[in-house]
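What follows is the content of start.tsv, which has TSV, C-alpha atoms:
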```tsv
chain	number	residue	atom	x	y	z
A	1	MET	CA	-30.33	90.71	-195.98
A	2	ASP	CA	-28.41	93.53	-197.66
A	3	SER	CA	-29.04	97.26	-197.65
A	4	SER	CA	-30.50	97.35	-201.17
A	5	SER	CA	-33.56	95.39	-200.05
A	6	GLY	CA	-35.20	98.56	-198.83
A	7	ASP	CA	-34.83	100.27	-202.20
A	8	ILE	CA	-37.69	98.42	-203.77
A	9	ASN	CA	-41.07	99.46	-202.50
A	10	LEU	CA	-43.85	97.19	-203.68
A	11	THR	CA	-46.82	98.90	-202.10
A	12	ASP	CA	-47.59	101.09	-205.12
A	13	LEU	CA	-47.62	98.26	-207.64
A	14	SER	CA	-50.88	97.52	-209.44
A	15	GLN	CA	-52.95	94.45	-208.56
A	16	ASN	CA	-51.82	92.85	-211.79
A	17	ASP	CA	-48.17	93.44	-211.07
A	18	LYS	CA	-48.58	92.06	-207.58
A	19	ARG	CA	-50.23	88.96	-208.93
A	20	GLU	CA	-47.48	88.53	-211.48
A	21	LEU	CA	-44.83	88.89	-208.78
A	22	GLN	CA	-46.59	86.36	-206.57
A	23	GLN	CA	-46.61	83.90	-209.45
A	24	PHE	CA	-42.95	84.62	-210.09
A	25	VAL	CA	-42.00	84.05	-206.46
A	26	SER	CA	-43.96	80.84	-206.27
A	27	ASN	CA	-42.25	79.58	-209.45
A	28	GLU	CA	-38.84	80.47	-208.09
A	29	ALA	CA	-39.63	78.71	-204.81
A	30	GLN	CA	-40.68	75.63	-206.73
A	31	LYS	CA	-37.45	75.72	-208.75
A	32	ALA	CA	-35.37	76.13	-205.59
A	33	LYS	CA	-37.13	73.15	-204.02
A	34	ILE	CA	-36.43	70.95	-207.04
A	35	GLN	CA	-32.80	72.03	-207.12
A	36	SER	CA	-32.34	71.28	-203.46
A	37	THR	CA	-33.74	67.77	-204.04
A	38	VAL	CA	-31.30	67.37	-206.95
A	39	HIS	CA	-28.45	68.37	-204.61
A	40	TYR	CA	-29.58	65.81	-202.08
A	41	LEU	CA	-29.96	63.03	-204.65
A	42	THR	CA	-26.65	63.77	-206.38
A	43	ASP	CA	-24.83	63.64	-203.04
A	44	MET	CA	-26.47	60.39	-201.98
A	45	CYS	CA	-26.19	58.64	-205.36
A	46	TRP	CA	-22.60	59.82	-205.82
A	47	LYS	CA	-21.65	58.02	-202.63
A	48	ARG	CA	-23.29	54.84	-203.91
A	49	CYS	CA	-22.24	54.91	-207.55
A	50	ILE	CA	-18.86	56.65	-207.74
A	51	THR	CA	-16.98	54.07	-205.73
A	52	SER	CA	-13.68	53.71	-207.57
A	53	LYS	CA	-10.96	56.33	-207.63
A	54	ILE	CA	-11.35	59.36	-209.87
A	55	SER	CA	-9.45	58.88	-213.12
A	56	SER	CA	-11.35	61.20	-215.46
A	57	GLY	CA	-13.83	64.07	-215.49
A	58	GLN	CA	-16.52	61.90	-217.04
A	59	MET	CA	-18.69	59.16	-215.59
A	60	ASP	CA	-17.92	55.72	-217.01
A	61	SER	CA	-20.30	53.13	-218.46
A	62	TYR	CA	-21.11	51.75	-215.03
A	63	GLU	CA	-21.38	55.03	-213.16
A	64	ARG	CA	-23.80	56.92	-215.39
A	65	PRO	CA	-26.55	54.27	-215.46
A	66	CYS	CA	-25.99	53.73	-211.75
A	67	MET	CA	-26.68	57.42	-211.07
A	68	GLU	CA	-29.83	57.25	-213.20
A	69	ASN	CA	-31.06	54.06	-211.59
A	70	CYS	CA	-30.35	55.52	-208.17
A	71	VAL	CA	-32.69	58.45	-208.85
A	72	GLU	CA	-35.40	56.19	-210.27
A	73	ARG	CA	-35.24	53.66	-207.46
A	74	TYR	CA	-35.24	56.39	-204.83
A	75	ILE	CA	-38.47	57.78	-206.25
A	76	ASP	CA	-39.90	54.25	-206.49
A	77	SER	CA	-39.04	53.74	-202.83
A	78	GLN	CA	-40.70	57.00	-201.93
A	79	MET	CA	-43.84	55.95	-203.81
A	80	THR	CA	-43.79	52.55	-202.11
A	81	VAL	CA	-43.59	54.16	-198.68
A	82	LEU	CA	-46.47	56.48	-199.50
A	83	LYS	CA	-48.58	53.68	-200.88
A	84	HIS	CA	-47.96	51.46	-197.89
A	85	LEU	CA	-48.66	54.32	-195.51
A	86	GLU	CA	-51.99	54.78	-197.27
A	87	GLN	CA	-52.79	51.07	-196.76
A	88	MET	CA	-51.79	51.19	-193.12
A	89	ARG	CA	-54.02	54.18	-192.57
A	90	GLY	CA	-56.92	52.35	-194.21
A	91	SER	CA	-56.52	49.35	-191.91
A	92	ILE	CA	-56.75	51.28	-188.66
B	1	MET	CA	-51.96	112.82	-218.75
B	2	ASP	CA	-51.08	110.10	-221.20
B	3	SER	CA	-47.36	110.65	-220.85
B	4	PHE	CA	-47.75	110.84	-217.08
B	5	THR	CA	-49.34	107.38	-216.83
B	6	ASN	CA	-46.78	106.07	-219.26
B	7	THR	CA	-43.92	107.27	-217.12
B	8	LEU	CA	-45.52	105.75	-214.07
B	9	GLY	CA	-46.02	102.48	-215.94
B	10	VAL	CA	-42.40	102.32	-217.04
B	11	ASN	CA	-41.25	103.15	-213.54
B	12	GLN	CA	-43.30	100.34	-212.05
B	13	GLN	CA	-42.19	98.02	-214.77
B	14	SER	CA	-38.53	98.61	-213.98
B	15	LYS	CA	-39.20	98.32	-210.26
B	16	LYS	CA	-40.84	94.97	-210.79
B	17	GLN	CA	-38.00	93.93	-213.08
B	18	ALA	CA	-35.42	94.95	-210.49
B	19	TRP	CA	-37.20	92.89	-207.88
B	20	MET	CA	-37.32	89.81	-210.11
B	21	ASP	CA	-33.64	90.19	-211.04
B	22	LYS	CA	-32.74	90.40	-207.38
B	23	ILE	CA	-34.61	87.19	-206.59
B	24	ARG	CA	-33.08	85.41	-209.59
B	25	THR	CA	-29.59	86.50	-208.55
B	26	GLU	CA	-30.07	85.41	-204.96
B	27	ALA	CA	-31.37	82.03	-206.11
B	28	ALA	CA	-28.39	81.58	-208.44
B	29	VAL	CA	-25.90	82.53	-205.72
B	30	GLU	CA	-27.52	80.14	-203.26
B	31	GLN	CA	-27.49	77.42	-205.90
B	32	ALA	CA	-23.80	77.92	-206.66
B	33	ARG	CA	-22.93	77.95	-202.97
B	34	ALA	CA	-24.74	74.64	-202.40
B	35	LEU	CA	-22.96	73.05	-205.36
B	36	ILE	CA	-19.53	74.26	-204.23
B	37	ASP	CA	-20.16	72.85	-200.73
B	38	LYS	CA	-21.16	69.44	-202.10
B	39	VAL	CA	-18.28	69.29	-204.58
B	40	THR	CA	-15.77	70.22	-201.90
B	41	ASP	CA	-17.15	67.65	-199.44
B	42	ASN	CA	-17.30	64.78	-201.88
B	43	CYS	CA	-14.08	65.50	-203.75
B	44	PHE	CA	-12.09	66.12	-200.59
B	45	GLU	CA	-13.34	62.79	-199.35
B	46	LYS	CA	-12.32	61.06	-202.58
B	47	CYS	CA	-9.10	62.84	-203.45
B	48	VAL	CA	-7.48	63.73	-200.12
B	49	PRO	CA	-7.92	60.64	-197.92
B	50	LYS	CA	-4.66	61.35	-196.06
B	51	PRO	CA	-4.03	65.10	-195.94
B	52	GLY	CA	-0.30	65.87	-196.10
B	53	SER	CA	1.65	69.07	-195.61
B	54	THR	CA	0.64	70.36	-199.06
B	55	LEU	CA	-1.95	69.50	-201.67
B	56	THR	CA	0.01	67.33	-204.12
B	57	SER	CA	-0.29	67.72	-207.89
B	58	GLY	CA	-1.97	64.31	-207.99
B	59	GLU	CA	-4.56	65.48	-205.47
B	60	THR	CA	-5.10	68.70	-207.39
B	61	THR	CA	-5.66	66.82	-210.64
B	62	CYS	CA	-8.03	64.46	-208.86
B	63	ILE	CA	-10.02	67.39	-207.41
B	64	ASN	CA	-10.32	69.06	-210.82
B	65	GLN	CA	-11.51	65.86	-212.50
B	66	CYS	CA	-13.79	65.07	-209.59
B	67	MET	CA	-15.39	68.49	-209.88
B	68	GLU	CA	-16.16	67.99	-213.57
B	69	LYS	CA	-17.50	64.55	-212.83
B	70	TYR	CA	-19.68	65.79	-209.98
B	71	MET	CA	-21.21	68.51	-212.13
B	72	SER	CA	-21.86	66.03	-214.87
B	73	ALA	CA	-23.49	63.72	-212.30
B	74	TRP	CA	-25.58	66.66	-211.03
B	75	ASN	CA	-26.87	67.29	-214.54
B	76	THR	CA	-27.67	63.61	-215.03
B	77	VAL	CA	-29.61	63.49	-211.76
B	78	SER	CA	-31.41	66.74	-212.52
B	79	ARG	CA	-32.50	65.46	-215.95
B	80	LYS	CA	-33.71	62.15	-214.54
B	81	TYR	CA	-35.47	63.67	-211.57
B	82	ILE	CA	-37.32	66.26	-213.65
B	83	GLU	CA	-38.25	63.56	-216.16
B	84	ARG	CA	-39.73	61.50	-213.32
B	85	ILE	CA	-41.66	64.26	-211.60
B	86	GLN	CA	-43.13	65.32	-214.92
B	87	ALA	CA	-44.31	61.78	-215.64
B	88	LYS	CA	-47.82	60.82	-214.63
B	89	ASP	CA	-47.01	58.41	-211.83
B	90	ILE	CA	-45.88	60.91	-209.17
```

Please render this file's structure as structure tokens.
Amino acid sequence: MDSSSGDINLTDLSQNDKRELQQFVSNEAQKAKIQSTVHYLTDMCWKRCITSKISSGQMDSYERPCMENCVERYIDSQMTVLKHLEQMRGSI
Amino acid sequence: MDSFTNTLGVNQQSKKQAWMDKIRTEAAVEQARALIDKVTDNCFEKCVPKPGSTLTSGETTCINQCMEKYMSAWNTVSRKYIERIQAKDI
């Protein structure tokens, strides 16, 4: 993307270093994927749970549990879909 | 010979380190950009329903509070989500 990308030549790294870098990249990719899911969930749950007008920088006693429940129920729904899909596949 | 391999080792070490730092930085920048986008979207929606000729002080206060609230909500979601994906059932 920027001009400094070319400055780092990886071809003369040892096997060990290459392996370590691969592990590092795969960890970073995993982290990025989790963070992007968190962005998605925050956006969606915010729209559902933060419904009154903003009067402070903190979530109130309704909003916080609502955000937490929203995440939990979303994952439950995802699991339900997967489970049902599995059943449907078995019945074909 | 010993000092030669050492130098080479250090050189490679710093090269590897530079590469990792670059990836970490890019990930952090991307992460910040995504958060700023979401905060702006959601707080504009909440705080500036009828855009006037200037941003009023009320709207500015609302945006600042909304931003803090959104970040706090982000942390809550992150904690919950990671808790869930680390649990056995997923």

For chain B, report every residue with an atom at most 7 Å from chain A (counting all atoms listed in the file), formatted as a list in words.
->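 Going by the stated atoms only, the list reads Gln12, Lys15, Trp19, Lys38, Cys62, Gln65, Cys66, Glu68, Lys69, Ala73, Trp74, Thr76, Val77, Ser78, Lys80 and Tyr81 of chain B.
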
Suppose we keep C-alpha atoms; can you now write the selection as a short mmCIF file (atom, residue, chain, number, x, y, z; two decimals), in the frame of the given file?
```cif
data_model
loop_
_atom_site.label_atom_id
_atom_site.label_comp_id
_atom_site.auth_asym_id
_atom_site.auth_seq_id
_atom_site.Cartn_x
_atom_site.Cartn_y
_atom_site.Cartn_z
CA GLN B 12 -43.30 100.34 -212.05
CA LYS B 15 -39.20 98.32 -210.26
CA TRP B 19 -37.20 92.89 -207.88
CA LYS B 38 -21.16 69.44 -202.10
CA CYS B 62 -8.03 64.46 -208.86
CA GLN B 65 -11.51 65.86 -212.50
CA CYS B 66 -13.79 65.07 -209.59
CA GLU B 68 -16.16 67.99 -213.57
CA LYS B 69 -17.50 64.55 -212.83
CA ALA B 73 -23.49 63.72 -212.30
CA TRP B 74 -25.58 66.66 -211.03
CA THR B 76 -27.67 63.61 -215.03
CA VAL B 77 -29.61 63.49 -211.76
CA SER B 78 -31.41 66.74 -212.52
CA LYS B 80 -33.71 62.15 -214.54
CA TYR B 81 -35.47 63.67 -211.57
#
```

Tell me, in Å to one decimal, how far atom CA of Asn42 of chain B is from atom CA of Thr80 of chain A.
->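 Computed distance, atom CA of Asn42 of chain B to atom CA of Thr80 of chain A, equals 29.2 Å.
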
Grab the atom CA of Asp41 of chain B to atom CA of Tyr70 of chain B distance for me, in Å with one decimal place.
->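 Separating atom CA of Asp41 of chain B from atom CA of Tyr70 of chain B is a distance of 11.0 Å.
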
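Picture a line from atom CA of Arg24 of chain B to atom CA of Asn11 of chain B; it runs 19.9 Å.
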